[in-house]
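The structure file my_file-v3.txt is reproduced below (compact mmCIF, C-alpha atoms).
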```
# COMPACT_ATOMS: atom_id res chain seq x y z
CA MET U 1 2.56 -8.56 7.51
CA TYR U 2 1.21 -9.71 4.14
CA LEU U 3 3.99 -8.46 1.88
CA SER U 4 6.81 -10.75 0.84
CA ARG U 5 9.40 -8.15 1.99
CA ARG U 6 10.31 -8.09 5.65
CA ALA U 7 11.75 -4.58 5.73
CA ALA U 8 11.15 -1.40 3.78
CA PRO U 9 13.66 -0.82 0.98
CA SER U 10 15.95 2.18 1.07
CA LEU U 11 15.17 5.24 -1.03
CA GLN U 12 18.09 4.32 -3.31
CA LEU U 13 16.70 0.79 -3.86
CA GLU U 14 13.27 2.28 -4.64
CA ARG U 15 14.81 4.61 -7.23
CA GLU U 16 16.71 1.74 -8.82
CA TRP U 17 13.55 -0.38 -8.93
CA LEU U 18 11.55 2.44 -10.55
CA GLN U 19 14.26 2.92 -13.17
CA LYS U 20 14.30 -0.81 -13.88
CA MET U 21 10.50 -0.83 -14.28
CA ALA U 22 10.61 2.21 -16.59
CA THR U 23 12.93 0.42 -19.02
CA SER U 24 11.68 -3.17 -18.58
CA GLU U 25 10.28 -5.10 -21.51
CA THR U 26 8.65 -7.66 -19.21
CA ASP U 27 7.05 -5.44 -16.55
CA ILE U 28 4.22 -2.89 -16.64
CA VAL U 29 3.58 -0.83 -13.50
CA TRP U 30 0.91 1.74 -12.68
CA CYS U 31 0.52 4.09 -9.72
CA ILE U 32 -2.77 3.89 -7.88
CA GLU U 33 -4.25 7.29 -7.18
CA PHE U 34 -7.22 8.06 -4.96
CA GLU U 35 -8.51 11.52 -4.10
CA ASP U 36 -5.53 13.17 -5.84
CA ARG U 37 -2.82 11.25 -3.99
CA THR U 38 -0.74 8.16 -4.71
CA ILE U 39 -1.77 5.28 -2.45
CA GLY U 40 0.04 2.33 -4.03
CA ILE U 41 1.07 0.46 -7.15
CA THR U 42 -0.18 -2.37 -9.31
CA GLY U 43 1.37 -4.15 -12.22
CA ALA U 44 2.11 -7.11 -14.43
CA HIS U 45 5.54 -8.68 -14.03
CA ARG U 46 7.67 -11.33 -15.66
CA ILE U 47 5.52 -11.05 -18.79
CA ASP U 48 6.15 -14.03 -21.05
CA TRP U 49 5.23 -12.56 -24.43
CA GLN U 50 5.70 -15.86 -26.29
CA ASN U 51 3.37 -17.83 -24.01
CA CYS U 52 1.10 -14.86 -23.21
CA HIS U 53 1.08 -14.86 -19.42
CA ALA U 54 2.18 -12.59 -16.59
CA SER U 55 2.29 -12.40 -12.81
CA THR U 56 0.23 -9.60 -11.31
CA GLY U 57 0.47 -7.80 -8.01
CA THR U 58 -0.85 -4.87 -6.04
CA ALA U 59 0.31 -2.97 -2.96
CA ILE U 60 -1.83 -0.31 -1.32
CA GLY U 61 0.28 1.30 1.37
CA ASP U 62 -2.21 3.90 2.59
CA LYS U 63 -4.14 2.08 5.33
CA GLY U 64 -6.64 4.96 5.41
CA VAL U 65 -8.17 3.69 2.15
CA TRP U 66 -8.27 -0.01 3.01
CA GLY U 67 -11.75 -1.51 3.01
CA LYS U 68 -13.11 0.85 0.33
CA GLY U 69 -13.08 -1.70 -2.51
CA ILE U 70 -10.21 -0.01 -4.32
CA GLY U 71 -8.16 -3.21 -4.61
CA GLY U 72 -10.96 -5.17 -6.24
CA GLU U 73 -11.82 -2.36 -8.62
CA LEU U 74 -8.24 -1.82 -9.76
CA MET U 75 -7.65 -5.55 -10.21
CA CYS U 76 -10.66 -5.60 -12.57
CA LEU U 77 -9.35 -2.55 -14.45
CA ARG U 78 -5.85 -4.05 -14.67
CA ARG U 79 -7.26 -7.43 -15.81
CA ASP U 80 -9.42 -5.85 -18.53
CA HIS U 81 -6.52 -3.73 -19.80
CA LEU U 82 -4.06 -6.63 -19.90
CA PHE U 83 -6.48 -8.95 -21.71
CA ARG U 84 -7.71 -6.32 -24.18
CA GLU U 85 -4.57 -4.32 -24.95
CA TYR U 86 -1.82 -6.92 -24.53
CA ARG U 87 -3.79 -10.01 -25.56
CA LEU U 88 -2.43 -12.06 -22.68
CA ASN U 89 -3.97 -15.50 -22.10
CA LYS U 90 -3.33 -15.94 -18.38
CA LEU U 91 -2.74 -13.76 -15.34
CA LYS U 92 -1.14 -15.27 -12.24
CA SER U 93 -1.08 -13.90 -8.72
CA ALA U 94 -0.81 -14.94 -5.09
CA TYR U 95 -1.62 -13.81 -1.57
CA LEU U 96 -0.55 -14.83 1.90
CA GLU U 97 -2.83 -16.92 4.06
CA GLY U 98 -4.96 -14.66 6.22
CA ASN U 99 -4.93 -11.72 3.81
CA GLU U 100 -8.69 -11.75 3.32
CA ALA U 101 -8.76 -8.36 1.58
CA SER U 102 -6.46 -9.63 -1.17
CA ALA U 103 -8.37 -12.91 -1.39
CA ARG U 104 -11.69 -11.04 -1.85
CA ALA U 105 -10.23 -8.61 -4.39
CA GLN U 106 -8.73 -11.41 -6.46
CA ARG U 107 -11.97 -13.42 -6.39
CA ALA U 108 -13.90 -10.28 -7.44
CA ALA U 109 -11.59 -9.96 -10.45
CA GLY U 110 -12.14 -13.64 -11.36
CA TYR U 111 -8.89 -15.19 -10.11
CA ARG U 112 -9.22 -18.80 -8.92
CA GLU U 113 -7.13 -20.61 -6.36
CA VAL U 114 -4.95 -23.18 -8.12
CA GLY U 115 -2.59 -24.24 -5.36
CA ARG U 116 -0.53 -23.21 -2.40
CA PHE U 117 3.03 -23.18 -1.23
CA ARG U 118 2.78 -24.45 2.32
CA GLN U 119 4.67 -22.58 5.04
CA GLU U 120 6.27 -20.28 2.47
CA PHE U 121 6.70 -17.19 4.68
CA PHE U 122 7.46 -16.72 8.38
CA ARG U 123 5.58 -13.72 9.84
CA ASP U 124 4.82 -12.68 13.41
CA GLY U 125 6.11 -15.93 14.85
CA ARG U 126 4.22 -18.31 12.56
CA TRP U 127 4.43 -19.87 9.13
CA LEU U 128 1.99 -18.76 6.44
CA ASP U 129 1.01 -20.48 3.23
CA GLN U 130 1.15 -18.59 -0.05
CA ILE U 131 -2.04 -19.18 -2.04
CA GLN U 132 -1.50 -19.26 -5.81
CA THR U 133 -4.22 -17.90 -8.11
CA GLU U 134 -4.76 -17.47 -11.83
CA LEU U 135 -7.25 -16.09 -14.31
CA LEU U 136 -7.55 -17.42 -17.85
CA ARG U 137 -8.68 -15.31 -20.77
CA GLU U 138 -11.48 -17.80 -21.53
CA ASP U 139 -12.88 -17.39 -18.01
CA TRP U 140 -12.77 -13.60 -18.41
CA GLU U 141 -14.33 -13.66 -21.87
CA GLY U 142 -17.32 -15.71 -20.76
CA PRO U 143 -18.93 -12.89 -18.72
CA GLN U 144 -17.80 -10.29 -21.29
CA ARG U 145 -19.98 -11.79 -24.06
```

Translate the structure of the given file into structure tokens.
Amino acid sequence: MYLSRRAAPSLQLEREWLQKMATSETDIVWCIEFEDRTIGITGAHRIDWQNCHASTGTAIGDKGVWGKGIGGELMCLRRDHLFREYRLNKLKSAYLEGNEASARAQRAAGYREVGRFRQEFFRDGRWLDQIQTELLREDWEGPQR
């Protein structure tokens, strides 16, 4: 319910997407592994190298691991890596209204709500807002010192 896609992509579309990510100069994607199995993906997309910002996202498809804090932990690991290794200045993200797990994980990683797109997605017979978040390097560096 909380993904922006309404239907699962075909295997062919998944292969094409993976190939595009493998050769992209503006996307970085990692598999999320837990207990020796792949449970999802996380990444930085639409990286603007000149202005030093990117949009981040995570999808954990294995419902058996939800609620274990994996999302929050990997968002912190991803954040630290992107700020340290790629010297980005800002990370942007979003979540759909009602997705409390994503909201908690983003807050734990330091993302702040900066706005919302009202009634952006129609799911299960109702309109949901998309909450926009961001994390600035200076906000990350403060606790690091």

What's around U:Cys76 at 9 Å? Count all atoms listed in the file, leave out sequence neighbours fewer than 3 positions away in its own chain, and write the answer as a VMD selection string. chain U and resid 71 to 73 79 to 81 105 to 106 108 to 110

Atom-to-atom span, atom CA of U:Glu113 and atom CA of U:Thr133, Å: 4.3 Å

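Coordinates place atom CA of U:Ala101 at a distance of 13.3 Å from atom CA of U:Gly57.
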
Distance query 12 Å from (10.6, -4.3, -20.8) using only C-alpha atoms, result as a PyMOL selection string: chain U and resi 19-29+44-49

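When all atoms listed in the file are used to measure the gap to U:Tyr95, the shortest distance among U:Glu14, U:Glu120, U:Asp62, U:Asp139 belongs to U:Glu120.
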
Who sits within 10 Å of U:Gln119, only C-alpha atoms, same chain under 2 positions skipped, as a ChimeraX atom specification: /U:96-97,116-117,121-122,126-130

Could you save the residues just selected, with C-alpha atoms, as an mmCIF file, keeping the file's coordinate frame?
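Heads up, here's the output in again.cif:
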```
data_model
loop_
_atom_site.group_PDB
_atom_site.id
_atom_site.type_symbol
_atom_site.label_atom_id
_atom_site.label_comp_id
_atom_site.auth_asym_id
_atom_site.auth_seq_id
_atom_site.Cartn_x
_atom_site.Cartn_y
_atom_site.Cartn_z
ATOM 1 C CA LEU U 96 -0.550 -14.830 1.900
ATOM 2 C CA GLU U 97 -2.830 -16.920 4.060
ATOM 3 C CA ARG U 116 -0.530 -23.210 -2.400
ATOM 4 C CA PHE U 117 3.030 -23.180 -1.230
ATOM 5 C CA PHE U 121 6.700 -17.190 4.680
ATOM 6 C CA PHE U 122 7.460 -16.720 8.380
ATOM 7 C CA ARG U 126 4.220 -18.310 12.560
ATOM 8 C CA TRP U 127 4.430 -19.870 9.130
ATOM 9 C CA LEU U 128 1.990 -18.760 6.440
ATOM 10 C CA ASP U 129 1.010 -20.480 3.230
ATOM 11 C CA GLN U 130 1.150 -18.590 -0.050
#
```

Rounded to one decimal in Å, what is the spacing between atom CA of U:Glu16 and atom CA of U:Gly40? 17.4 Å

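Residue nearest U:Lys90, chosen from U:Leu136, U:Ala103, U:Val65, U:Leu74 and counting all atoms listed in the file: U:Leu136.
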
Which residue, U:Trp17, U:Glu35, U:Gly125, U:Arg87, has the smallest gap to U:Arg137 when you use all atoms listed in the file? U:Arg87

Considering all atoms listed in the file, state which residue in the set U:Ser102, U:Asn89, U:Thr42, U:Asn51 is at the smallest distance from U:Leu77. U:Thr42

Choose the residue, out of U:Lys63, U:Arg112, U:Phe83, U:His53, that has the smallest atom-to-atom separation from U:Glu141; count only C-alpha atoms. U:Phe83

Identify which of the residues U:Gln132, U:Gln50, U:Thr58, U:Thr38 lies closest to U:Tyr86, counting all atoms listed in the file when measuring atom-to-atom distances. U:Gln50
